[in-house]
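**Student:** Okay, so here is protein.cif, and as you'll see once you scroll down, it has mmCIF, C-alpha atoms.
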```cif
data_query
loop_
_atom_site.label_atom_id
_atom_site.label_comp_id
_atom_site.auth_asym_id
_atom_site.auth_seq_id
_atom_site.Cartn_x
_atom_site.Cartn_y
_atom_site.Cartn_z
CA MET A 1 -110.39 -32.23 -58.44
CA SER A 2 -108.53 -29.17 -59.70
CA ALA A 3 -106.04 -27.20 -57.62
CA ALA A 4 -108.37 -24.21 -57.84
CA ALA A 5 -111.25 -26.27 -56.47
CA ASN A 6 -109.06 -27.50 -53.63
CA ALA A 7 -108.02 -23.96 -52.72
CA GLY A 8 -111.64 -22.86 -52.91
CA THR A 9 -112.65 -25.56 -50.46
CA VAL A 10 -109.87 -24.54 -48.08
CA LYS A 11 -111.02 -20.92 -48.19
CA ALA A 12 -114.65 -21.89 -47.64
CA ILE A 13 -113.86 -23.96 -44.57
CA LEU A 14 -111.53 -21.32 -43.17
CA ALA A 15 -114.24 -18.72 -43.64
CA GLY A 16 -116.72 -20.90 -41.78
CA ARG A 17 -114.72 -21.25 -38.58
CA ALA A 18 -116.42 -20.12 -35.43
CA ASP A 19 -114.47 -17.25 -33.92
CA ALA A 20 -112.61 -14.13 -34.83
CA ASP A 21 -109.24 -15.69 -34.00
CA HIS A 22 -109.83 -18.31 -36.72
CA GLN A 23 -109.32 -21.19 -34.32
CA ILE A 24 -110.82 -24.58 -34.92
CA SER A 25 -113.65 -25.13 -32.48
CA LEU A 26 -113.09 -28.25 -30.39
CA SER A 27 -115.55 -27.62 -27.61
CA ASN A 28 -116.58 -31.27 -27.35
CA ILE A 29 -114.20 -34.22 -27.72
CA LEU A 30 -115.19 -37.87 -27.46
CA VAL A 31 -112.62 -40.50 -26.49
CA ALA A 32 -113.71 -44.04 -27.33
CA THR A 33 -112.13 -46.47 -24.88
CA ASP A 34 -111.96 -50.21 -24.34
CA PHE A 35 -109.75 -49.66 -21.26
CA SER A 36 -106.70 -51.09 -23.05
CA PRO A 37 -103.20 -49.53 -23.10
CA ALA A 38 -104.03 -48.24 -26.60
CA SER A 39 -107.04 -46.39 -25.20
CA GLU A 40 -104.95 -45.05 -22.31
CA ALA A 41 -102.52 -43.54 -24.81
CA ALA A 42 -105.41 -41.97 -26.75
CA LEU A 43 -106.80 -40.46 -23.56
CA GLY A 44 -103.45 -38.81 -22.87
CA PHE A 45 -103.53 -37.03 -26.22
CA ALA A 46 -107.20 -36.11 -25.70
CA LEU A 47 -106.37 -34.47 -22.38
CA ALA A 48 -103.54 -32.48 -23.96
CA ILE A 49 -105.89 -31.21 -26.66
CA ALA A 50 -108.68 -30.46 -24.18
CA ARG A 51 -106.35 -28.32 -22.06
CA ARG A 52 -105.30 -26.36 -25.15
CA TYR A 53 -108.83 -25.77 -26.44
CA GLU A 54 -110.65 -25.78 -23.08
CA SER A 55 -112.77 -28.66 -24.33
CA ARG A 56 -115.26 -30.90 -22.61
CA ILE A 57 -114.21 -34.55 -22.82
CA TYR A 58 -116.67 -37.42 -23.12
CA VAL A 59 -115.03 -40.73 -22.22
CA ALA A 60 -117.21 -43.33 -23.95
CA HIS A 61 -117.33 -47.10 -23.66
CA VAL A 62 -119.71 -49.31 -25.61
CA ILE A 63 -120.61 -52.74 -24.25
CA LEU A 64 -120.77 -54.86 -27.38
CA PRO A 65 -123.36 -57.65 -27.65
CA ASN A 66 -120.74 -60.17 -28.77
CA SER A 67 -118.96 -59.73 -25.45
CA TYR A 68 -121.67 -61.73 -23.69
CA GLN A 69 -123.82 -63.42 -26.36
CA LEU A 70 -121.30 -66.07 -27.43
CA VAL A 71 -121.95 -68.10 -24.29
CA PRO A 72 -124.55 -70.75 -23.40
CA ARG A 73 -128.05 -69.29 -23.06
CA GLU A 74 -128.19 -69.83 -19.33
CA ALA A 75 -124.93 -67.88 -18.92
CA VAL A 76 -125.92 -64.81 -20.97
CA GLU A 77 -127.41 -62.77 -18.13
CA PRO A 78 -124.66 -63.42 -15.55
CA THR A 79 -121.99 -62.83 -18.19
CA TYR A 80 -123.62 -59.54 -19.18
CA GLU A 81 -123.73 -58.45 -15.54
CA LEU A 82 -120.05 -59.33 -15.20
CA VAL A 83 -119.10 -57.39 -18.35
CA ARG A 84 -121.10 -54.34 -17.29
CA ARG A 85 -119.73 -54.42 -13.74
CA HIS A 86 -116.20 -54.55 -15.14
CA ALA A 87 -116.88 -51.51 -17.37
CA GLU A 88 -118.40 -49.57 -14.48
CA GLU A 89 -115.39 -50.37 -12.29
CA GLU A 90 -112.99 -49.23 -15.00
CA MET A 91 -114.86 -45.94 -15.37
CA THR A 92 -114.88 -45.47 -11.61
CA ASP A 93 -111.14 -46.14 -11.42
CA LEU A 94 -110.56 -43.54 -14.11
CA LEU A 95 -112.56 -40.93 -12.22
CA VAL A 96 -110.89 -41.74 -8.90
CA SER A 97 -107.42 -41.56 -10.52
CA GLY A 98 -107.80 -37.82 -11.00
CA ARG A 99 -106.60 -37.88 -14.62
CA LEU A 100 -109.69 -36.00 -15.73
CA ARG A 101 -109.59 -33.46 -12.92
CA SER A 102 -108.06 -30.68 -15.03
CA VAL A 103 -110.78 -30.76 -17.71
CA VAL A 104 -114.56 -30.65 -17.88
CA HIS A 105 -115.61 -34.25 -18.41
CA GLU A 106 -118.40 -36.78 -18.53
CA VAL A 107 -118.34 -40.56 -18.81
CA LEU A 108 -120.70 -42.39 -21.17
CA LEU A 109 -121.44 -46.10 -20.80
CA GLU A 110 -123.92 -47.64 -23.22
CA GLU A 111 -124.70 -50.99 -24.81
CA GLY A 112 -125.08 -51.76 -28.50
CA LEU A 113 -123.27 -52.11 -31.80
CA LEU A 114 -120.16 -49.97 -31.86
CA TRP A 115 -120.83 -47.47 -34.62
CA PRO A 116 -124.55 -46.78 -34.22
CA THR A 117 -124.02 -46.28 -30.49
CA LEU A 118 -121.05 -43.96 -30.94
CA ALA A 119 -122.88 -42.09 -33.71
CA ASN A 120 -125.74 -41.35 -31.34
CA MET A 121 -123.29 -40.09 -28.71
CA ILE A 122 -121.54 -37.86 -31.24
CA HIS A 123 -124.82 -36.36 -32.41
CA LYS A 124 -126.31 -35.95 -28.93
CA HIS A 125 -123.26 -34.16 -27.52
CA SER A 126 -122.28 -32.18 -30.66
CA VAL A 127 -118.86 -33.83 -30.75
CA GLN A 128 -116.33 -32.14 -33.04
CA LEU A 129 -113.43 -34.57 -32.66
CA VAL A 130 -113.25 -38.28 -31.88
CA ILE A 131 -110.02 -39.71 -30.46
CA VAL A 132 -109.38 -43.43 -30.40
CA GLY A 133 -106.45 -45.74 -29.81
CA THR A 134 -105.77 -48.79 -31.94
CA HIS A 135 -103.96 -52.04 -31.25
CA GLY A 136 -102.65 -52.00 -34.81
CA ARG A 137 -103.92 -55.43 -35.75
CA THR A 138 -103.01 -56.51 -39.26
CA GLY A 139 -103.30 -59.63 -41.39
CA ALA A 140 -105.27 -62.57 -40.03
CA ARG A 141 -105.82 -60.96 -36.61
CA LYS A 142 -107.47 -57.96 -38.24
CA LEU A 143 -109.64 -60.16 -40.45
CA LEU A 144 -110.85 -62.10 -37.42
CA LEU A 145 -111.21 -59.29 -34.90
CA GLY A 146 -111.57 -56.22 -37.08
CA SER A 147 -110.34 -52.72 -36.35
CA ALA A 148 -112.63 -50.52 -34.29
CA ALA A 149 -110.48 -47.49 -35.13
CA GLU A 150 -110.87 -47.95 -38.88
CA GLU A 151 -114.57 -48.66 -38.53
CA ILE A 152 -114.90 -45.30 -36.76
CA PHE A 153 -112.76 -43.10 -39.00
CA ARG A 154 -114.32 -44.48 -42.19
CA VAL A 155 -117.86 -43.45 -41.22
CA ALA A 156 -117.59 -40.53 -38.78
CA ASP A 157 -118.59 -37.15 -40.18
CA CYS A 158 -116.29 -35.33 -37.77
CA PRO A 159 -112.49 -35.68 -37.81
CA VAL A 160 -111.03 -38.68 -36.00
CA MET A 161 -107.60 -38.71 -34.36
CA THR A 162 -106.15 -42.19 -34.05
CA VAL A 163 -103.23 -43.00 -31.79
CA GLY A 164 -101.41 -46.11 -32.99
CA PRO A 165 -99.09 -48.46 -31.11
CA GLN A 166 -95.96 -46.76 -32.47
CA ALA A 167 -96.97 -43.25 -31.36
CA LYS A 168 -95.10 -41.80 -28.43
CA THR A 169 -96.92 -42.63 -25.21
CA GLU A 170 -96.14 -39.43 -23.30
CA PRO A 171 -98.03 -36.53 -24.91
CA PRO A 172 -97.29 -33.00 -23.71
CA GLN A 173 -99.30 -31.49 -20.87
CA GLU A 174 -100.97 -29.22 -23.43
CA ALA A 175 -101.21 -29.92 -27.16
CA GLU A 176 -98.54 -28.12 -29.13
CA LEU A 177 -98.11 -28.96 -32.80
CA LYS A 178 -94.81 -27.85 -34.28
CA ARG A 179 -94.71 -29.88 -37.48
CA ILE A 180 -97.78 -31.06 -39.42
CA LEU A 181 -97.74 -33.32 -42.47
CA PHE A 182 -100.70 -33.31 -44.87
CA ALA A 183 -100.62 -36.04 -47.50
CA THR A 184 -103.00 -35.70 -50.44
CA ASP A 185 -103.84 -37.62 -53.59
CA PHE A 186 -105.83 -34.63 -54.94
CA THR A 187 -109.15 -36.47 -54.80
CA ALA A 188 -112.28 -35.09 -53.17
CA ASN A 189 -111.44 -37.13 -50.06
CA GLY A 190 -108.62 -34.72 -49.28
CA GLU A 191 -110.46 -31.39 -49.57
CA ARG A 192 -111.72 -31.09 -45.98
CA ALA A 193 -108.55 -32.69 -44.62
CA GLY A 194 -106.45 -30.01 -46.30
CA ALA A 195 -108.53 -27.28 -44.70
CA TYR A 196 -108.07 -28.82 -41.26
CA ALA A 197 -104.33 -29.17 -41.78
CA LEU A 198 -104.08 -25.53 -42.79
CA SER A 199 -106.25 -24.39 -39.90
CA LEU A 200 -104.20 -26.32 -37.36
CA ALA A 201 -100.97 -24.98 -38.83
CA GLN A 202 -102.27 -21.44 -38.40
CA GLU A 203 -103.54 -22.05 -34.86
CA HIS A 204 -100.26 -23.59 -33.69
CA GLN A 205 -97.93 -21.60 -35.96
CA ALA A 206 -96.64 -24.98 -37.06
CA GLU A 207 -94.42 -25.92 -39.96
CA LEU A 208 -96.67 -27.43 -42.62
CA THR A 209 -95.50 -30.03 -45.14
CA LEU A 210 -97.70 -30.89 -48.13
CA LEU A 211 -96.96 -34.30 -49.63
CA HIS A 212 -98.08 -36.14 -52.74
CA VAL A 213 -96.86 -39.63 -53.61
CA ILE A 214 -96.65 -40.78 -57.23
CA GLU A 215 -97.76 -44.41 -57.08
CA ASN A 216 -96.56 -47.07 -59.53
CA GLY A 217 -93.76 -44.87 -60.79
CA ASP A 218 -91.21 -47.66 -61.20
CA GLY A 219 -92.02 -48.22 -64.87
CA VAL A 220 -92.08 -44.51 -65.73
CA SER A 221 -89.07 -42.90 -67.38
CA SER A 222 -87.01 -40.46 -65.34
CA LYS A 223 -88.03 -37.69 -67.74
CA ASN A 224 -91.72 -38.38 -67.21
CA VAL A 225 -91.24 -38.68 -63.44
CA ALA A 226 -89.57 -35.26 -63.44
CA ALA A 227 -92.49 -33.80 -65.40
CA LEU A 228 -95.02 -35.37 -63.04
CA ARG A 229 -93.09 -34.13 -60.03
CA ALA A 230 -93.08 -30.57 -61.38
CA MET A 231 -96.82 -30.72 -62.12
CA PHE A 232 -97.73 -32.06 -58.67
CA LEU A 233 -95.50 -29.54 -56.93
CA LYS A 234 -97.52 -26.76 -58.57
CA ARG A 235 -100.75 -28.42 -57.45
CA LEU A 236 -99.48 -28.67 -53.89
CA GLU A 237 -98.48 -25.00 -53.88
CA ALA A 238 -101.99 -24.07 -55.10
CA ILE A 239 -103.59 -25.66 -52.04
CA VAL A 240 -102.70 -22.66 -49.87
CA PRO A 241 -104.86 -19.63 -50.78
CA PRO A 242 -102.97 -16.41 -51.57
CA GLU A 243 -104.44 -14.66 -48.51
CA ALA A 244 -102.90 -17.33 -46.27
CA ARG A 245 -99.39 -16.91 -47.64
CA SER A 246 -98.56 -14.24 -45.07
CA TRP A 247 -98.54 -16.86 -42.31
CA CYS A 248 -98.18 -20.15 -44.19
CA ASP A 249 -95.22 -21.03 -46.39
CA PRO A 250 -95.46 -24.81 -46.62
CA ALA A 251 -92.79 -27.21 -47.74
CA CYS A 252 -94.08 -29.08 -50.79
CA VAL A 253 -92.76 -32.60 -51.35
CA VAL A 254 -93.43 -35.07 -54.16
CA THR A 255 -92.05 -38.60 -53.87
CA VAL A 256 -92.40 -41.85 -55.83
CA GLY A 257 -93.35 -45.21 -54.31
CA ASN A 258 -95.90 -46.87 -52.06
CA SER A 259 -98.04 -44.10 -50.60
CA ALA A 260 -98.28 -45.47 -47.05
CA ASN A 261 -94.55 -46.15 -46.86
CA GLU A 262 -93.68 -42.74 -48.26
CA ILE A 263 -96.03 -40.93 -45.86
CA LEU A 264 -94.44 -42.74 -42.92
CA THR A 265 -90.93 -42.01 -44.17
CA VAL A 266 -91.53 -38.29 -44.70
CA ALA A 267 -93.29 -38.00 -41.33
CA ARG A 268 -90.35 -39.67 -39.61
CA GLU A 269 -87.73 -37.60 -41.43
CA ARG A 270 -89.52 -34.37 -40.59
CA ALA A 271 -90.33 -35.40 -37.00
CA SER A 272 -94.01 -34.65 -37.60
CA ASP A 273 -96.27 -34.19 -34.57
CA LEU A 274 -99.40 -34.93 -36.60
CA ILE A 275 -100.25 -36.57 -39.92
CA VAL A 276 -103.46 -35.41 -41.64
CA LEU A 277 -105.16 -37.63 -44.22
CA GLY A 278 -108.40 -37.52 -46.17
CA VAL A 279 -110.27 -40.83 -46.22
CA ARG A 280 -113.18 -42.15 -48.21
CA ARG A 281 -116.34 -43.49 -46.62
CA ALA A 282 -116.38 -47.25 -46.13
CA THR A 283 -118.78 -49.20 -48.33
CA GLY A 284 -118.76 -52.17 -45.93
CA PHE A 285 -117.41 -52.93 -42.48
CA ALA A 286 -114.05 -51.22 -42.77
CA GLY A 287 -112.46 -53.20 -39.97
CA HIS A 288 -112.65 -56.42 -41.99
CA LEU A 289 -111.35 -55.07 -45.28
CA PRO A 290 -107.74 -55.53 -46.40
CA ALA A 291 -105.37 -52.99 -44.83
CA SER A 292 -105.96 -49.56 -46.34
CA ARG A 293 -103.35 -46.88 -46.84
CA ALA A 294 -104.78 -44.85 -43.97
CA TYR A 295 -104.93 -47.80 -41.60
CA LYS A 296 -101.34 -48.80 -42.37
CA VAL A 297 -100.20 -45.24 -41.66
CA VAL A 298 -102.17 -45.22 -38.40
CA CYS A 299 -100.64 -48.52 -37.28
CA GLN A 300 -97.04 -47.53 -37.96
CA ALA A 301 -96.93 -43.76 -37.46
CA GLN A 302 -94.84 -42.39 -34.61
CA CYS A 303 -97.38 -39.61 -34.05
CA PRO A 304 -101.19 -39.36 -34.01
CA VAL A 305 -103.01 -39.41 -37.35
CA LEU A 306 -105.98 -37.12 -38.02
CA THR A 307 -108.33 -38.56 -40.62
CA VAL A 308 -111.05 -36.43 -42.17
CA ARG A 309 -113.71 -38.09 -44.28
CA GLY A 310 -114.35 -36.52 -47.65
#
```
Show me this structure written as structure tokens.

**Tutor:**
Amino acid sequence: MSAAANAGTVKAILAGRADADHQISLSNILVATDFSPASEAALGFALAIARRYESRIYVAHVILPNSYQLVPREAVEPTYELVRRHAEEEMTDLLVSGRLRSVVHEVLLEEGLLWPTLANMIHKHSVQLVIVGTHGRTGARKLLLGSAAEEIFRVADCPVMTVGPQAKTEPPQEAELKRILFATDFTANGERAGAYALSLAQEHQAELTLLHVIENGDGVSSKNVAALRAMFLKRLEAIVPPEARSWCDPACVVTVGNSANEILTVARERASDLIVLGVRRATGFAGHLPASRAYKVVCQAQCPVLTVRG
């Protein structure tokens, strides 16, 4: 993808935003929960965003078939009733706690496979952002249990914000982004993500950092690395359309190394409030694939990560 094409995509998405103030529309937010501490943290960030954008929150839980089918046949029905009763009690406790009192909300409790069920909810309620927490499983635990978060952000058409185990657990009362990091590899997967990063930077008047990582640069001469760095800096600068320069003067950074590690390092050094990444659609069950760059960033980032599928 050329820099001009990237800038053209940014302009097209900016032009298509809903209102005259050029704010991203987040009228409907879905929080996928399994009632774990990871989901509790995600709900906190969802509430902060909902207060900022006056959004309706859908708190969704999916009762998975494998939660009651891996038992003797005679125990399936009582186990299912137990699982469902537990989910209903958790939802009731959430409502009684008053955490949702400050926002318009609705709870959704359905049974089925995770993604088809969530996809139906997203479509039915015109959801514009999904927020999910992740336990950050890696290695053998991920291969055995999978990652629901990665399964979701690899296939969802709308942006997905994932809150990992290293993210701060006390979000502000109302979402306020001061520093946003957008990492791009200049593929088509990053086009929409770049537009969202730029839009959010405008909405929050946030400092925007554009990052590209040169992978496998160890065997490249210092002269060639310098030439590559200069070329990629120009491509980063071209992401921001000229008409946006009056309010957006991003910091452009090019580093060399492992992309996930470099993204995490730059985000930490710049105290980023949000990392924005473009991701490609999964060709299989993403949660059982080897750790991807995006999933590694999600697991180790000290802030939420917004993934936008290309």

**Student:** List every protein, DNA or RNA residue that has an atom no more than 9 Å from (-113.0, -37.0, -38.2) in the file's coordinate frame, counting all atoms listed in the file, and report them as an MDAnalysis selection string.

**Tutor:** chainID A and resid 128:131 152:161 193 306:309

**Student:** Between A:Arg56, A:Lys296, A:His204, A:Arg281, which one has atoms that come closest to A:Thr134, using all atoms listed in the file?

**Tutor:** A:Lys296

**Student:** Applied to the shown file, which residues does the PyMOL selection byres ((chain A and resi 188) around 9) return, written as a ChimeraX atom specification?

**Tutor:** /A:1,6,185-187,189-192,278,280,310

**Student:** As a PyMOL selection string, please: the residues near stretch 39-54 of chain A (cut-off 9 Å, all atoms listed in the file, same-chain neighbours under 6 positions excluded).

**Tutor:** chain A and resi 24-33+99-100+102-104+130-135+161-165+167-176+304

**Student:** Can you list, as number ranges by chain, every protein, DNA or RNA residue that comes within 9 Å of A:Ala294 when you count all atoms listed in the file, leaving out same-chain residues fewer than 6 positions away?

**Tutor:** A: 150, 260, 277-279, 305, 307

**Student:** Between atom CA of A:Leu108 and atom CA of A:Glu81, what distance in Å does the model show, to one decimal?

**Tutor:** 17.3 Å

**Student:** Could you state the separation of atom CA of A:Thr117 and atom CA of A:Arg101 in Å, given to one decimal place?

**Tutor:**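 Calculated distance between atom CA of A:Thr117 and atom CA of A:Arg101 is 26.1 Å.
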
**Student:** My list of candidates is A:Leu181, A:Ala238, A:Ala119, A:Val225. Which is closest to A:Glu269 when distances are computed with only C-alpha atoms?

**Tutor:**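 Nearest candidate to A:Glu269 out of A:Leu181, A:Ala238, A:Ala119, A:Val225: A:Leu181.
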
**Student:** List the spatial neighbours of stretch 206-222 of chain A as a PDB file with C-alpha atoms, in the frame of the given file - criterion: any atom at most 8 Å away, all atoms listed in the file, same-chain residues fewer than 5 positions off excluded.

**Tutor:**
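Below is the file out25.pdb, written as the result:
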```pdb
ATOM      1  CA  LEU A 177     -98.110 -28.960 -32.800  1.00  0.00           C
ATOM      2  CA  LYS A 178     -94.810 -27.850 -34.280  1.00  0.00           C
ATOM      3  CA  ARG A 179     -94.710 -29.880 -37.480  1.00  0.00           C
ATOM      4  CA  ILE A 180     -97.780 -31.060 -39.420  1.00  0.00           C
ATOM      5  CA  LEU A 181     -97.740 -33.320 -42.470  1.00  0.00           C
ATOM      6  CA  PHE A 182    -100.700 -33.310 -44.870  1.00  0.00           C
ATOM      7  CA  ALA A 183    -100.620 -36.040 -47.500  1.00  0.00           C
ATOM      8  CA  THR A 184    -103.000 -35.700 -50.440  1.00  0.00           C
ATOM      9  CA  ASP A 185    -103.840 -37.620 -53.590  1.00  0.00           C
ATOM     10  CA  ALA A 197    -104.330 -29.170 -41.780  1.00  0.00           C
ATOM     11  CA  LEU A 198    -104.080 -25.530 -42.790  1.00  0.00           C
ATOM     12  CA  LEU A 200    -104.200 -26.320 -37.360  1.00  0.00           C
ATOM     13  CA  ALA A 201    -100.970 -24.980 -38.830  1.00  0.00           C
ATOM     14  CA  PHE A 232     -97.730 -32.060 -58.670  1.00  0.00           C
ATOM     15  CA  LEU A 236     -99.480 -28.670 -53.890  1.00  0.00           C
ATOM     16  CA  CYS A 248     -98.180 -20.150 -44.190  1.00  0.00           C
ATOM     17  CA  ASP A 249     -95.220 -21.030 -46.390  1.00  0.00           C
ATOM     18  CA  PRO A 250     -95.460 -24.810 -46.620  1.00  0.00           C
ATOM     19  CA  ALA A 251     -92.790 -27.210 -47.740  1.00  0.00           C
ATOM     20  CA  CYS A 252     -94.080 -29.080 -50.790  1.00  0.00           C
ATOM     21  CA  VAL A 253     -92.760 -32.600 -51.350  1.00  0.00           C
ATOM     22  CA  VAL A 254     -93.430 -35.070 -54.160  1.00  0.00           C
ATOM     23  CA  THR A 255     -92.050 -38.600 -53.870  1.00  0.00           C
ATOM     24  CA  VAL A 256     -92.400 -41.850 -55.830  1.00  0.00           C
ATOM     25  CA  GLY A 257     -93.350 -45.210 -54.310  1.00  0.00           C
ATOM     26  CA  ASN A 258     -95.900 -46.870 -52.060  1.00  0.00           C
ATOM     27  CA  SER A 259     -98.040 -44.100 -50.600  1.00  0.00           C
ATOM     28  CA  GLU A 262     -93.680 -42.740 -48.260  1.00  0.00           C
ATOM     29  CA  ILE A 263     -96.030 -40.930 -45.860  1.00  0.00           C
TER      30      ILE A 263
END
```

**Student:** Give me, please, the distance in Å between atom CA of A:Val240 and atom CA of A:Arg293, quoted to one decimal.

**Tutor:**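 Distance between the two atoms: 24.4 Å.
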
**Student:** Looking at only C-alpha atoms, which of A:Leu95, A:Asp273, A:Glu111, A:Ser199 is the one that sits closest to A:Tyr68?

**Tutor:**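 Between A:Leu95, A:Asp273, A:Glu111, A:Ser199, the residue approaching A:Tyr68 most closely is A:Glu111.
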
**Student:** Decode the PyMOL selection byres ((chain A and resi 299) around 7) for the given file into explicit residues and return them as a list in words.

**Tutor:**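 Residues picked by the PyMOL selection byres ((chain A and resi 299) around 7): Gly136, Gly164, Pro165, Gln166, Tyr295, Lys296, Val297, Val298, Gln300 and Ala301 of chain A.
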